[in-house]
file data_3.cif (mmCIF, C-alpha atoms and all ligand atoms)
data_upload
loop_
_atom_site.label_atom_id
_atom_site.label_comp_id
_atom_site.auth_asym_id
_atom_site.auth_seq_id
_atom_site.Cartn_x
_atom_site.Cartn_y
_atom_site.Cartn_z
CA MET S 1332 35.79 -90.74 -60.96
CA LYS S 1333 39.38 -90.47 -59.82
CA VAL S 1334 40.43 -89.13 -63.23
CA ARG S 1335 37.75 -86.46 -63.02
CA GLN S 1336 38.88 -85.44 -59.52
CA PHE S 1337 42.47 -85.30 -60.72
CA SER S 1338 41.42 -83.04 -63.63
CA VAL S 1339 39.59 -80.72 -61.26
CA VAL S 1340 42.66 -80.50 -59.02
CA VAL S 1341 44.90 -79.75 -61.99
CA MET S 1342 42.50 -77.08 -63.24
CA CYS S 1343 42.39 -75.48 -59.80
CA LEU S 1344 46.19 -75.46 -59.62
CA VAL S 1345 46.41 -73.78 -63.03
CA LEU S 1346 43.87 -71.15 -61.99
CA VAL S 1347 45.76 -70.49 -58.76
CA ALA S 1348 49.03 -70.17 -60.68
CA CYS S 1349 47.41 -67.75 -63.12
CA THR S 1350 45.93 -65.72 -60.29
CA LEU S 1351 49.30 -65.50 -58.54
CA ALA S 1352 51.04 -64.52 -61.76
CA TYR S 1353 48.59 -61.75 -62.44
CA SER S 1354 48.42 -60.55 -58.86
CA ALA S 1355 52.18 -59.88 -59.05
CA GLU S 1356 51.61 -57.26 -61.74
CA TYR S 1357 50.37 -54.42 -59.60
CA ASP S 1358 52.23 -51.14 -59.55
CA GLN S 1359 53.14 -49.11 -56.50
CA ASN S 1360 49.62 -47.68 -56.42
CA GLY S 1361 47.99 -51.08 -56.49
CA ARG S 1362 46.74 -50.82 -60.07
CA LEU S 1363 46.76 -53.84 -62.31
CA ASN S 1364 49.25 -52.97 -65.00
CA LEU S 1365 49.71 -56.09 -66.99
CA LEU S 1366 48.73 -55.38 -70.58
CA ARG S 1367 47.34 -58.68 -71.74
CA GLY S 1368 47.09 -57.49 -75.32
CA ASP S 1369 50.76 -56.47 -75.44
CA LEU S 1370 51.80 -59.65 -77.21
CA ASN S 1371 55.37 -58.64 -77.99
CA ARG S 1372 55.91 -57.04 -74.55
CA ASP S 1373 57.17 -53.70 -75.82
CA GLY S 1374 54.89 -51.71 -73.52
CA TYR S 1375 52.32 -50.76 -76.16
CA ILE S 1376 49.22 -52.37 -77.59
CA ASN S 1377 49.38 -51.49 -81.25
CA PHE S 1378 49.95 -52.87 -84.75
CA PRO S 1379 53.03 -55.04 -83.97
CA ASP S 1380 50.79 -56.99 -81.61
CA ILE S 1381 48.35 -57.53 -84.45
CA GLY S 1382 51.29 -58.93 -86.40
CA VAL S 1383 52.05 -61.43 -83.63
CA LEU S 1384 48.38 -62.43 -83.53
CA ALA S 1385 48.20 -62.80 -87.31
CA SER S 1386 51.28 -65.04 -87.39
CA ALA S 1387 49.54 -67.48 -85.04
CA TRP S 1388 46.00 -67.00 -86.32
CA LEU S 1389 43.76 -70.08 -86.03
CA GLU S 1390 46.45 -72.21 -84.42
CA GLN S 1391 44.86 -74.88 -82.24
CA ASP S 1392 47.73 -76.41 -80.31
CA CYS S 1393 49.03 -73.64 -78.07
CA SER S 1394 50.58 -74.96 -74.89
CA LEU S 1395 51.13 -73.32 -71.54
CA SER S 1396 54.84 -73.21 -72.29
CA ASN S 1397 54.69 -71.25 -75.53
CA ARG S 1398 51.11 -69.95 -75.76
CA CYS S 1399 51.59 -69.64 -79.54
CA ALA S 1400 54.35 -67.04 -79.26
CA GLY S 1401 52.36 -65.21 -76.62
CA ALA S 1402 49.29 -64.70 -78.81
CA ASP S 1403 46.99 -66.90 -76.72
CA VAL S 1404 45.80 -64.32 -74.22
CA PHE S 1405 42.17 -65.35 -73.82
CA PHE S 1406 41.29 -66.22 -71.21
CA THR S 1407 43.75 -65.48 -68.37
CA CYS S 1408 46.27 -68.20 -69.22
CA GLY S 1409 45.04 -68.89 -72.73
CA ASP S 1410 42.56 -71.45 -74.02
CA GLY S 1411 44.88 -73.28 -76.42
CA SER S 1412 43.76 -71.65 -79.65
CA ILE S 1413 44.11 -68.32 -81.45
CA ASN S 1414 40.88 -66.76 -82.58
CA SER S 1415 38.61 -63.73 -82.34
CA LYS S 1416 38.59 -63.91 -78.54
CA ASP S 1417 42.32 -63.17 -78.45
CA PHE S 1418 41.79 -60.37 -80.96
CA ALA S 1419 39.13 -58.94 -78.65
CA VAL S 1420 41.71 -58.69 -75.84
CA ILE S 1421 43.91 -56.55 -78.09
CA ALA S 1422 40.95 -54.48 -79.24
CA GLU S 1423 39.89 -53.88 -75.65
CA GLY S 1424 43.28 -52.46 -74.71
CA TRP S 1425 44.08 -50.82 -78.05
CA GLY S 1426 46.33 -47.80 -77.63
CA SER S 1427 47.22 -48.62 -74.00
CA CYS S 1428 50.85 -48.49 -72.98
CA THR S 1429 53.11 -49.02 -70.01
CA ASP S 1430 56.40 -47.69 -71.39
CA PRO S 1431 58.12 -46.30 -68.23
CA CYS S 1432 59.93 -43.66 -70.29
CA ASP S 1433 56.67 -42.32 -71.62
CA PRO S 1434 55.09 -40.06 -68.97
CA CYS S 1435 51.72 -40.65 -70.57
CA CYS S 1436 51.91 -44.37 -69.83
CA ILE S 1437 51.25 -46.29 -66.67
CA HIS S 1438 54.46 -47.46 -65.09
CA MET S 1439 54.99 -51.15 -64.53
CA PRO S 1440 57.87 -53.48 -63.71
CA LEU S 1441 59.81 -54.09 -66.91
CA THR S 1442 60.71 -57.60 -65.94
CA LEU S 1443 57.61 -59.73 -65.71
CA TYR S 1444 59.22 -62.68 -64.07
CA GLU S 1445 62.44 -63.44 -62.25
CA PRO S 1446 63.34 -67.12 -62.34
CA ALA S 1447 64.07 -68.57 -58.92
CA GLY S 1448 67.71 -68.56 -57.97
CA VAL S 1449 69.09 -66.18 -60.58
CA SER S 1450 70.39 -63.81 -57.92
CA GLY S 1451 73.69 -65.66 -58.26
CA LEU S 1452 75.57 -65.99 -61.51
CA PHE S 1453 75.66 -69.52 -62.88
CA ASP S 1454 74.68 -71.51 -65.94
CA ALA S 1455 70.92 -71.81 -66.32
CA GLU S 1456 68.21 -72.39 -68.92
CA ILE S 1457 64.62 -71.67 -67.91
CA VAL S 1458 61.34 -71.16 -69.78
CA ASN S 1459 58.82 -69.00 -67.98
CA LEU S 1460 55.48 -70.79 -68.25
CA PHE S 1461 53.58 -67.56 -67.69
CA SER S 1462 55.03 -65.38 -70.46
CA GLY S 1463 56.87 -67.95 -72.57
CA GLU S 1464 60.11 -66.08 -72.06
CA PHE S 1465 63.25 -68.13 -72.52
CA TYR S 1466 65.99 -67.28 -70.03
CA LYS S 1467 69.56 -68.45 -70.40
CA SER S 1468 72.73 -67.52 -68.55
CA GLU S 1469 76.28 -68.73 -69.04
CA VAL S 1470 79.35 -68.02 -66.94
CA ASP S 1471 82.33 -67.50 -69.26
CA MET S 1472 84.93 -66.70 -66.62
CA ARG S 1473 85.14 -66.87 -62.84
CA ILE S 1474 88.25 -65.77 -60.92
CA PRO S 1475 88.03 -66.29 -57.14
CA GLY S 1476 88.84 -63.22 -55.10
CA ARG S 1477 89.34 -62.42 -51.43
CA GLY S 1478 86.05 -60.56 -51.34
CA ILE S 1479 83.94 -60.71 -54.47
CA ASP S 1480 84.81 -63.11 -57.29
CA PHE S 1481 85.33 -61.70 -60.76
CA VAL S 1482 82.58 -63.26 -62.80
CA PHE S 1483 81.82 -62.56 -66.42
CA ALA S 1484 78.45 -64.05 -67.30
CA ARG S 1485 76.12 -63.55 -70.23
CA THR S 1486 72.34 -63.56 -69.94
CA TYR S 1487 69.72 -63.95 -72.66
CA ARG S 1488 66.04 -63.05 -72.26
CA SER S 1489 63.87 -63.71 -75.28
CA ARG S 1490 61.16 -61.19 -74.38
CA THR S 1491 62.48 -58.57 -72.02
CA GLY S 1492 66.17 -58.55 -72.91
CA ALA S 1493 67.82 -55.33 -74.01
CA ASN S 1494 69.84 -54.59 -77.14
CA THR S 1495 73.43 -54.34 -75.88
CA SER S 1496 77.00 -54.42 -77.22
CA ILE S 1497 76.99 -58.23 -77.14
CA GLY S 1498 73.74 -58.65 -79.05
CA ASN S 1499 70.00 -58.25 -79.07
CA ASN S 1500 68.34 -59.59 -75.89
CA TRP S 1501 71.78 -60.33 -74.40
CA SER S 1502 73.30 -58.68 -71.36
CA HIS S 1503 76.43 -59.33 -69.33
CA SER S 1504 77.34 -59.12 -65.67
CA TYR S 1505 79.14 -55.79 -66.00
CA ASP S 1506 76.37 -54.06 -67.93
CA ILE S 1507 75.03 -52.52 -64.72
CA HIS S 1508 73.80 -48.97 -65.14
CA LEU S 1509 71.10 -46.46 -64.26
CA GLU S 1510 68.77 -44.81 -66.76
CA ALA S 1511 66.94 -41.61 -65.87
CA CYS S 1512 63.31 -41.80 -66.86
CA SER S 1513 60.59 -39.22 -66.20
CA GLY S 1514 62.03 -38.34 -62.81
CA ASN S 1515 62.44 -42.01 -61.89
CA MET S 1516 65.41 -44.34 -62.29
CA ILE S 1517 65.63 -47.64 -64.14
CA LEU S 1518 68.29 -50.01 -62.85
CA HIS S 1519 69.77 -52.41 -65.41
CA ASP S 1520 71.24 -55.17 -63.25
CA GLY S 1521 73.53 -56.88 -65.78
CA ARG S 1522 71.27 -59.95 -66.03
CA GLY S 1523 68.81 -58.48 -68.47
CA ARG S 1524 66.56 -57.33 -65.66
CA ARG S 1525 65.27 -53.77 -65.44
CA ASP S 1526 63.47 -52.33 -62.43
CA THR S 1527 62.00 -48.89 -62.01
CA TYR S 1528 62.99 -47.03 -58.84
CA TYR S 1529 60.46 -44.32 -58.10
CA ALA S 1530 61.30 -40.85 -56.79
CA GLN S 1531 60.62 -40.51 -53.06
CA PRO S 1532 59.71 -37.38 -51.08
CA ASN S 1533 63.13 -37.42 -49.37
CA GLY S 1534 64.97 -37.09 -52.68
CA THR S 1535 65.94 -40.74 -53.05
CA TRP S 1536 64.60 -43.46 -55.36
CA ALA S 1537 63.17 -46.77 -54.19
CA ALA S 1538 61.47 -49.81 -55.69
CA ARG S 1539 58.70 -51.79 -54.11
CA GLY S 1540 59.97 -55.14 -52.90
CA PHE S 1541 63.63 -54.17 -52.77
CA PHE S 1542 65.53 -53.15 -49.64
CA ARG S 1543 67.70 -50.78 -51.65
CA GLU S 1544 67.86 -47.04 -52.09
CA ILE S 1545 69.35 -44.84 -54.78
CA SER S 1546 70.59 -41.38 -53.89
CA GLN S 1547 72.50 -38.66 -55.69
CA ASN S 1548 75.93 -37.63 -54.45
CA PRO S 1549 76.99 -33.95 -54.17
CA ASP S 1550 79.19 -34.36 -57.27
CA GLY S 1551 76.17 -35.44 -59.34
CA SER S 1552 76.97 -39.15 -59.38
CA PHE S 1553 74.57 -41.75 -57.98
CA MET S 1554 74.87 -44.42 -55.31
CA MET S 1555 72.77 -47.47 -54.53
CA VAL S 1556 72.89 -48.70 -50.94
CA PHE S 1557 71.88 -52.28 -50.19
CA ARG S 1558 70.34 -53.70 -47.05
CA ASP S 1559 73.77 -54.86 -45.77
CA THR S 1560 75.10 -51.28 -46.39
CA SER S 1561 77.18 -52.42 -49.38
CA LYS S 1562 77.10 -49.91 -52.23
CA TRP S 1563 77.16 -49.55 -55.97
CA ASN S 1564 78.49 -46.25 -57.29
CA PHE S 1565 77.40 -44.91 -60.66
CA ASN S 1566 79.30 -42.10 -62.34
CA CA S 1601 53.11 -54.44 -78.04
CA CA S 1602 42.96 -68.03 -77.12
#

call {"tool": "encode", "arguments": {"input": "data_3.cif", "output": "structure tokens"}}
result
Amino acid sequence: MKVRQFSVVVMCLVLVACTLAYSAEYDQNGRLNLLRGDLNRDGYINFPDIGVLASAWLEQDCSLSNRCAGADVFFTCGDGSINSKDFAVIAEGWGSCTDPCDPCCIHMPLTLYEPAGVSGLFDAEIVNLFSGEFYKSEVDMRIPGRGIDFVFARTYRSRTGANTSIGNNWSHSYDIHLEACSGNMILHDGRGRRDTYYAQPNGTWAARGFFREISQNPDGSFMMVFRDTSKWNFN
């Protein structure tokens, strides 16, 4: 009896975790934007996702940590096996996309998950149980300064990382830049994270959940102002 109660509690906890994970994927208009059939997380549901599904087809031992390379998408957090139900999820969303640089697509946060505590730069290795993304960061050099330390750190994200000068899916702490995109701005934060800042009526750009604002200077450059009034300047 106690074992059964424990199983029920565990199941409830998993369902709550899944609900929370999915509820975080709403855009600024409150629409659910997570594309469950986008197995390779490139923003489109198309043939490459079929390839991911095919490579895991009929596997029976998917776990919450790897979800068979992300192919186990039925139901919400996967059911442990890859079969026609997972194919149906792809078929249902076939042709959908969320590429923020494609004006025909629904915009969504590019980073699905931010591991706790990565706001600082330090060595870390984390596997996101929701998406299966492997996150790793390593500090190669730290020189204490009077104000801000000089820190050179590398970050790897197996699913959402960008292709940079130091390798595919790798980023480094000084790879901070803005990317114009359909009137909006994408901030690359040097840790492999990308967030879309949406154009505001007052001519600035802002992102939901961030107390930051991007504005354009008279000389055409851009500036991001943080909550504590510190600034990043982009030329
Ligand atoms: Ca895809
Ligand atoms: Ca499944």

call {"tool": "residues_near_ligand", "arguments": {"input": "data_3.cif", "ligand": "ligand CA 1602 (chain S)", "cutoff": "8 Å", "atoms": "all atoms listed in the file", "output": "compact mmCIF listing (two decimals) with C-alpha atoms, keeping the file's coordinate frame"}}
result
# COMPACT_ATOMS: atom_id res chain seq x y z
CA ALA S 1402 49.29 -64.70 -78.81
CA ASP S 1403 46.99 -66.90 -76.72
CA VAL S 1404 45.80 -64.32 -74.22
CA PHE S 1405 42.17 -65.35 -73.82
CA PHE S 1406 41.29 -66.22 -71.21
CA GLY S 1409 45.04 -68.89 -72.73
CA ASP S 1410 42.56 -71.45 -74.02
CA GLY S 1411 44.88 -73.28 -76.42
CA SER S 1412 43.76 -71.65 -79.65
CA ILE S 1413 44.11 -68.32 -81.45
CA ASN S 1414 40.88 -66.76 -82.58
CA LYS S 1416 38.59 -63.91 -78.54
CA ASP S 1417 42.32 -63.17 -78.45

call {"tool": "residues_around", "arguments": {"input": "data_3.cif", "residues": "Phe1557 (chain S)", "least_positions_apart": "3", "cutoff": "8 Å", "atoms": "all atoms listed in the file", "output": "MDAnalysis selection string"}}
result
chainID S and resid 1542:1544 1560:1562

call {"tool": "residues_near_ligand", "arguments": {"input": "data_3.cif", "ligand": "ligand CA 1601 (chain S)", "cutoff": "6 Å", "atoms": "all atoms listed in the file", "output": "ChimeraX atom specification"}}
result
/S:1369-1377,1379-1380

call {"tool": "atom_distance", "arguments": {"input": "data_3.cif", "atom1": "CA of Glu1510 (chain S)", "atom2": "CA of Thr1535 (chain S)"}}
result
14.6 Å

call {"tool": "atom_distance", "arguments": {"input": "data_3.cif", "atom1": "CA of Met1554 (chain S)", "atom2": "CA of Phe1481 (chain S)"}}
result
20.9 Å

call {"tool": "residues_near_point", "arguments": {"input": "data_3.cif", "point": "(58.3, -42.0, -60.8)", "cutoff": "6 Å", "atoms": "all atoms listed in the file", "output": "ChimeraX atom specification"}}
result
/S:1514-1515,1529-1530

call {"tool": "atom_distance", "arguments": {"input": "data_3.cif", "atom1": "CA of Cys1512 (chain S)", "atom2": "CA of Asp1526 (chain S)"}}
result
11.4 Å

call {"tool": "residues_around", "arguments": {"input": "data_3.cif", "residues": "region 1494-1508 of chain S", "least_positions_apart": "6", "cutoff": "8 Å", "atoms": "all atoms listed in the file", "output": "VMD selection string"}}
result
chain S and resid 1482 to 1488 1518 to 1523 1565

call {"tool": "closest_residue", "arguments": {"input": "data_3.cif", "among": "S:Phe1553, S:Asn1533, S:Ser1415, S:Ala1455", "to": "Leu1389 (chain S)", "atoms": "all atoms listed in the file"}}
result
S:Ser1415

call {"tool": "closest_residue", "arguments": {"input": "data_3.cif", "among": "S:Ala1511, S:Leu1366, S:Val1458, S:Ile1517", "to": "Arg1490 (chain S)", "atoms": "all atoms listed in the file"}}
result
S:Val1458
